[in-house]
Amino acid sequence: MKTFLKILLTALAVIVLANILPGISVAGYVSAIIVAVVIALLNMFIRPLLIFFTLPATIVTFGLFLFVINACIILLADKLVDGFAVSGFWPALFFSILLSIFRSALFSLLKEDKKSLK
């Protein structure tokens, strides 16, 4: 159930960011949900491979190259999902940074207080 809520919250963040940022567009709610699922799958399967193969660049840049990897994930999602368009690398970079911030803020609402369960 939490996974489903995380997908819906990510889709909500995608819709909000597409309305805020220039260069990002999403066709509708269904496209936003598909984008959220595709980003989750790309983060699960492709991102670890990209991190492994670019580990020297990540170490040299003190982890800042991970932002480039996140932008590449967004550009891959653009190519895979109809109804989601990113106009270039810089909008993808800003979108990925803001999406990470929005997701962490929204996902913090889903965390249960472990002290209250005892």
# chains A, B, ... in the order shown; residues from 1 in each chain; ligands from 1
call {"tool": "residues_around", "arguments": {"residues": "Ile15 of chain A", "least_positions_apart": "4", "cutoff": "7 Å", "atoms": "only C-alpha atoms", "output": "PyMOL selection string"}}
result
chain A and resi 11+19+26+32
call {"tool": "select_by_dssp", "arguments": {"residues": "chain A", "states": "strand (DSSP E or B)", "output": "PDB file with C-alpha atoms, in the first residue's frame"}}
result
ATOM      1  CA  ILE A  24       8.743  20.163 -18.831  1.00  0.00           C
ATOM      2  CA  SER A  25       5.299  19.045 -19.919  1.00  0.00           C
ATOM      3  CA  VAL A  26       3.028  16.198 -18.985  1.00  0.00           C
ATOM      4  CA  PHE A  84       5.944  13.461 -20.997  1.00  0.00           C
ATOM      5  CA  ALA A  85       8.391  15.855 -22.603  1.00  0.00           C
ATOM      6  CA  VAL A  86      11.642  17.385 -21.418  1.00  0.00           C
TER       7      VAL A  86
END
call {"tool": "atom_distance", "arguments": {"atom1": "atom CA of Ala71 of chain A", "atom2": "atom CA of Phe53 of chain A"}}
result
15.9 Å
call {"tool": "closest_residue", "arguments": {"among": "A:Ile69, A:Ala77, A:Val35, A:Met1", "to": "Phe52 of chain A", "atoms": "only C-alpha atoms"}}
result
A:Ile69
